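Colleague: Take a look at this one; I'll ask things after.
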Amino acid sequence: MEASAFRLQKKMKKEKEFRVTVREYRPRDRKKILKLVKELEAELAEKFQAVKIKPGTEDCRKRYLNPATKYKTFVALAGKKIVGYLMGYPSLGAPEVDMMYDILPLPHGEVPPEFYLQITFVSKPFRNRGISKLLHKHVIDYARRQGHKEVYACIAKWNDPELKVIRSFKFKEKDLGYRYRLSLKL
Ligand SMILES: CC(C)(COP(=O)(O)OP(=O)(O)OC[C@H]1O[C@@H](n2cnc3c(N)ncnc32)[C@H](O)[C@@H]1OP(=O)(O)O)[C@@H](O)C(=O)NCCC(=O)NCCS
């Protein structure tokens with residue numbers, strides 16, 4: 001093979017490896033997502049050293065990544081590698097009510113007005129390439145297709161990268177003191 005053709009083939013392979021796509025979570029992704037959850041916890045433990053971070057992997061396994069529950073996860077892939085996720089769920093309007101039910105207490109097919117964006121994580125080496133924005137775009141489109149009327153998130157004021165992502169979609173924000181409630185009508 002000629003050197004230029006070889007270089008072109010190598011370049012195309014590299015571009016394919018870094019092409020980012022988003023899709024819905026599949027049960028076989030579980031191990032990889034749990035690894036990313038641990039990455040997030042290690043990052044938080046380093047950031048907030050005075051705080052004891054409660055491990056969330058068991059909750060993820062039993063609740064958030066359990067296809068029988070209301071929780072919905074989207075994964076971002078760079079090539080074939082899972083490098084990020086966004087978890088959310090149809091919300092009954094108040095966190096204390098949402099926390100009571102892992103399965104929506106509504107007649108089959110009925111959709112509550114709001115969809116809550118609970119957590120987004122992108123592995124550090126893959127940040128600042130628009131992956132979180134792509135995840136949010138997918139989830140907003142998904143929520144619209146499902147018939148929700150609004151998506152919302154609650155983001156701590158220190159979290160400039162995530163606030164930048166959410167604000168880029170023109171969410172309306174309400175100051176809650178320590179955090180903002182950001183919502184987008186669909
Ligand atoms: C928040 C997070 C998901 C963003 O993921 P990401 O894929 O890097 O996000 P994107 O590349 O789509 O966008 C990040 C934006 O923030 C900007 N940004 C990055 N660091 C920043 C900083 N310290 N201050 C201000 N803006 C910053 C980037 O430039 C980019 O904006 P741009 O596209 O206009 O240039 C990622 O940083 C993360 O996983 N953090 C830890 C978990 C977390 O805090 N999750 C959110 C709470 S639910």
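As shown in the structure tokens, the chain order sets the letters A, B, ...; within each chain, residues go from 1, and ligands are also counted from 1 in the order they appear.
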How would you report the residues lying within 6 Å of ligand 1, as a compact mmCIF listing (two decimals) with N, CA, C and O atoms, in the first residue's frame, if you count only C-alpha atoms and all ligand atoms?
Modeller:
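Wrote out-v9.txt, looks like this:
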# COMPACT_ATOMS: atom_id res chain seq x y z
N ILE A 119 -28.30 13.15 36.70
CA ILE A 119 -26.84 13.22 36.74
C ILE A 119 -26.23 12.97 35.36
O ILE A 119 -26.71 12.10 34.62
N THR A 120 -25.21 13.74 35.07
CA THR A 120 -24.46 13.54 33.83
C THR A 120 -23.01 13.36 34.22
O THR A 120 -22.50 14.05 35.11
N PHE A 121 -22.34 12.45 33.56
CA PHE A 121 -20.91 12.28 33.82
C PHE A 121 -20.20 11.96 32.51
O PHE A 121 -20.67 11.16 31.71
N VAL A 122 -19.05 12.64 32.33
CA VAL A 122 -18.19 12.34 31.17
C VAL A 122 -16.79 12.09 31.73
O VAL A 122 -16.28 12.90 32.54
N ARG A 127 -13.52 15.08 28.19
CA ARG A 127 -14.27 16.32 28.45
C ARG A 127 -13.94 17.44 27.46
O ARG A 127 -12.90 17.39 26.80
N ASN A 128 -14.85 18.41 27.43
CA ASN A 128 -14.70 19.60 26.59
C ASN A 128 -14.64 19.29 25.10
O ASN A 128 -13.95 19.96 24.34
N ARG A 129 -15.37 18.24 24.73
CA ARG A 129 -15.52 17.93 23.30
C ARG A 129 -16.99 17.91 22.91
O ARG A 129 -17.36 17.32 21.90
N GLY A 130 -17.84 18.45 23.79
CA GLY A 130 -19.26 18.52 23.45
C GLY A 130 -20.05 17.26 23.77
O GLY A 130 -21.20 17.12 23.34
N ILE A 131 -19.46 16.33 24.54
CA ILE A 131 -20.16 15.06 24.79
C ILE A 131 -21.38 15.25 25.71
O ILE A 131 -22.45 14.71 25.45
N SER A 132 -21.21 16.07 26.73
CA SER A 132 -22.36 16.32 27.62
C SER A 132 -23.48 17.01 26.83
O SER A 132 -24.66 16.68 26.99
N LYS A 133 -23.10 17.94 25.97
CA LYS A 133 -24.13 18.64 25.17
C LYS A 133 -24.88 17.64 24.29
O LYS A 133 -26.10 17.71 24.17
N ASP A 160 -19.55 25.11 36.98
CA ASP A 160 -19.55 25.93 35.76
C ASP A 160 -19.66 25.12 34.46
O ASP A 160 -20.41 25.50 33.57
N PRO A 161 -18.93 23.98 34.32
CA PRO A 161 -19.05 23.25 33.05
C PRO A 161 -20.49 22.78 32.79
O PRO A 161 -21.01 22.95 31.68
N GLU A 162 -21.14 22.21 33.82
CA GLU A 162 -22.50 21.70 33.60
C GLU A 162 -23.48 22.86 33.39
O GLU A 162 -24.40 22.77 32.57
N LYS A 164 -22.79 25.60 31.97
CA LYS A 164 -22.57 26.06 30.60
C LYS A 164 -23.32 25.17 29.60
O LYS A 164 -23.93 25.67 28.65
N VAL A 165 -23.28 23.87 29.84
CA VAL A 165 -23.98 22.94 28.96
C VAL A 165 -25.48 23.25 28.96
O VAL A 165 -26.11 23.45 27.92
Colleague: Let's see if you can do this: from backbone DSSP, list all strand (DSSP E) residues in segment 71-179 of chain A, as an MDAnalysis selection string.
Modeller: chainID A and resid 72:78 81:91 114:122 150:156 172:175 179
Colleague: Residues of segment 93-130 of chain A that approach segment 54-77 of chain A to 9 Å or less, counting only C-alpha atoms: could you list each one with the shortest pair of atoms and its distance in Å to one decimal, rows by chain and increasing residue number, as JSON lines?
Modeller:
{"residue": "A:Tyr101", "atom": "CA", "partner": "A:Lys70", "partner_atom": "CA", "distance": 8.4}
{"residue": "A:Asp102", "atom": "CA", "partner": "A:Thr69", "partner_atom": "CA", "distance": 5.4}
{"residue": "A:Ile103", "atom": "CA", "partner": "A:Thr69", "partner_atom": "CA", "distance": 5.0}
{"residue": "A:Leu104", "atom": "CA", "partner": "A:Lys70", "partner_atom": "CA", "distance": 6.1}
{"residue": "A:Val122", "atom": "CA", "partner": "A:Ala76", "partner_atom": "CA", "distance": 8.3}
Colleague: Write to file, as a PDB file, in the first residue's frame, the residues of the selection just made, with N, CA and C atoms.
Modeller:
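File written: part.pdb
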ATOM      1  N   TYR A 101     -40.960   6.307  44.721  1.00  0.00           N
ATOM      2  CA  TYR A 101     -41.364   5.324  43.702  1.00  0.00           C
ATOM      3  C   TYR A 101     -40.262   5.024  42.711  1.00  0.00           C
ATOM      4  N   ASP A 102     -39.896   3.750  42.567  1.00  0.00           N
ATOM      5  CA  ASP A 102     -38.967   3.366  41.505  1.00  0.00           C
ATOM      6  C   ASP A 102     -39.739   2.990  40.242  1.00  0.00           C
ATOM      7  N   ILE A 103     -41.044   2.776  40.428  1.00  0.00           N
ATOM      8  CA  ILE A 103     -41.908   2.509  39.272  1.00  0.00           C
ATOM      9  C   ILE A 103     -43.001   3.565  39.330  1.00  0.00           C
ATOM     10  N   LEU A 104     -43.299   4.180  38.190  1.00  0.00           N
ATOM     11  CA  LEU A 104     -44.268   5.282  38.213  1.00  0.00           C
ATOM     12  C   LEU A 104     -45.653   4.799  38.660  1.00  0.00           C
ATOM     13  N   VAL A 122     -19.052  12.637  32.326  1.00  0.00           N
ATOM     14  CA  VAL A 122     -18.192  12.341  31.173  1.00  0.00           C
ATOM     15  C   VAL A 122     -16.793  12.095  31.728  1.00  0.00           C
TER      16      VAL A 122
END
Colleague: One number please: atom CA of Ile166 of chain A to atom CA of Arg28 of chain A, in Å, one decimal.
Modeller: 28.9 Å
Colleague: Leaving out Lys157 of chain A and any residue of its chain fewer than 3 positions from it, which residues lie within 7 Å of it when counting only C-alpha atoms, given as JSON, numbers by chain?
Modeller: {"A": [178, 179, 180]}
Colleague: Kindly indicate which residue among A:Leu40, A:Ile82, A:Ile53, A:Gly88 lies nearest to Val139 of chain A, using only C-alpha atoms for the distances.
Modeller: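 Smallest separation from Val139 of chain A among the options: A:Gly88.
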Colleague: Name the closest residue to His138 of chain A among the candidates A:Phe6, A:Tyr85, A:Phe171, A:Trp158; distances are taken between atoms, counting only C-alpha atoms.
Modeller: A:Tyr85
Colleague: What parts of segment 36-157 of chain A does DSSP call alpha helix (DSSP H)? I'd like the answer as an MDAnalysis selection string.
Modeller: chainID A and resid 36:47 57:59 95:98 131:146
Colleague: Tell me which protein, DNA and RNA residues are within 8 Å of Ser183 of chain A, counting only C-alpha atoms, leaving out same-chain ones fewer than 2 positions away, and put them as a PDB file with N, CA, C and O atoms, in the first residue's frame.
Modeller:
ATOM      1  N   GLU A 150     -41.803  19.338  29.857  1.00  0.00           N
ATOM      2  CA  GLU A 150     -40.684  20.112  30.398  1.00  0.00           C
ATOM      3  C   GLU A 150     -39.562  19.174  30.837  1.00  0.00           C
ATOM      4  O   GLU A 150     -39.837  18.075  31.312  1.00  0.00           O
ATOM      5  N   VAL A 151     -38.308  19.605  30.634  1.00  0.00           N
ATOM      6  CA  VAL A 151     -37.192  18.894  31.278  1.00  0.00           C
ATOM      7  C   VAL A 151     -36.576  19.860  32.284  1.00  0.00           C
ATOM      8  O   VAL A 151     -36.564  21.076  32.058  1.00  0.00           O
ATOM      9  N   TYR A 152     -36.097  19.327  33.397  1.00  0.00           N
ATOM     10  CA  TYR A 152     -35.450  20.220  34.354  1.00  0.00           C
ATOM     11  C   TYR A 152     -34.288  19.534  35.064  1.00  0.00           C
ATOM     12  O   TYR A 152     -34.175  18.303  35.075  1.00  0.00           O
ATOM     13  N   ALA A 153     -33.395  20.378  35.592  1.00  0.00           N
ATOM     14  CA  ALA A 153     -32.229  19.880  36.331  1.00  0.00           C
ATOM     15  C   ALA A 153     -31.983  20.837  37.494  1.00  0.00           C
ATOM     16  O   ALA A 153     -32.409  21.993  37.459  1.00  0.00           O
ATOM     17  N   PHE A 171     -32.224  26.940  28.891  1.00  0.00           N
ATOM     18  CA  PHE A 171     -33.099  26.614  30.010  1.00  0.00           C
ATOM     19  C   PHE A 171     -33.355  27.904  30.808  1.00  0.00           C
ATOM     20  O   PHE A 171     -32.465  28.743  30.925  1.00  0.00           O
ATOM     21  N   LYS A 172     -34.556  28.034  31.371  1.00  0.00           N
ATOM     22  CA  LYS A 172     -34.855  29.172  32.247  1.00  0.00           C
ATOM     23  C   LYS A 172     -34.395  28.812  33.650  1.00  0.00           C
ATOM     24  O   LYS A 172     -34.606  27.691  34.109  1.00  0.00           O
ATOM     25  N   GLU A 173     -33.742  29.761  34.340  1.00  0.00           N
ATOM     26  CA  GLU A 173     -33.228  29.361  35.647  1.00  0.00           C
ATOM     27  C   GLU A 173     -33.842  30.098  36.819  1.00  0.00           C
ATOM     28  O   GLU A 173     -34.223  31.260  36.716  1.00  0.00           O
ATOM     29  N   ARG A 181     -32.418  25.871  39.753  1.00  0.00           N
ATOM     30  CA  ARG A 181     -33.336  24.938  39.086  1.00  0.00           C
ATOM     31  C   ARG A 181     -33.454  25.454  37.671  1.00  0.00           C
ATOM     32  O   ARG A 181     -33.842  26.604  37.439  1.00  0.00           O
ATOM     33  N   LYS A 185     -39.121  24.325  28.623  1.00  0.00           N
ATOM     34  CA  LYS A 185     -40.448  23.889  28.149  1.00  0.00           C
ATOM     35  C   LYS A 185     -40.276  23.233  26.785  1.00  0.00           C
ATOM     36  O   LYS A 185     -39.522  23.729  25.942  1.00  0.00           O
TER      37      LYS A 185
END
Colleague: Quote the spacing between atom CA of Ala50 of chain A and atom CA of Ile33 of chain A in Å to one decimal place.
Modeller: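 So the two atoms, atom CA of Ala50 of chain A and atom CA of Ile33 of chain A, lie 26.1 Å apart.
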Colleague: Go ahead and compute the interatomic distance for atom CA of Pro125 of chain A and atom CA of Lys170 of chain A, in Å to one decimal.
Modeller: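 If I compute the distance from atom CA of Pro125 of chain A to atom CA of Lys170 of chain A, I get 26.8 Å.
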Colleague: Rank A:Met12, A:Glu2, A:Lys38, A:Gly84 by their smallest atom-to-atom distance to Leu134 of chain A, using only C-alpha atoms, and report the top residue only.
Modeller: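 Going through A:Met12, A:Glu2, A:Lys38, A:Gly84 one by one, the smallest distance to Leu134 of chain A is for A:Gly84.
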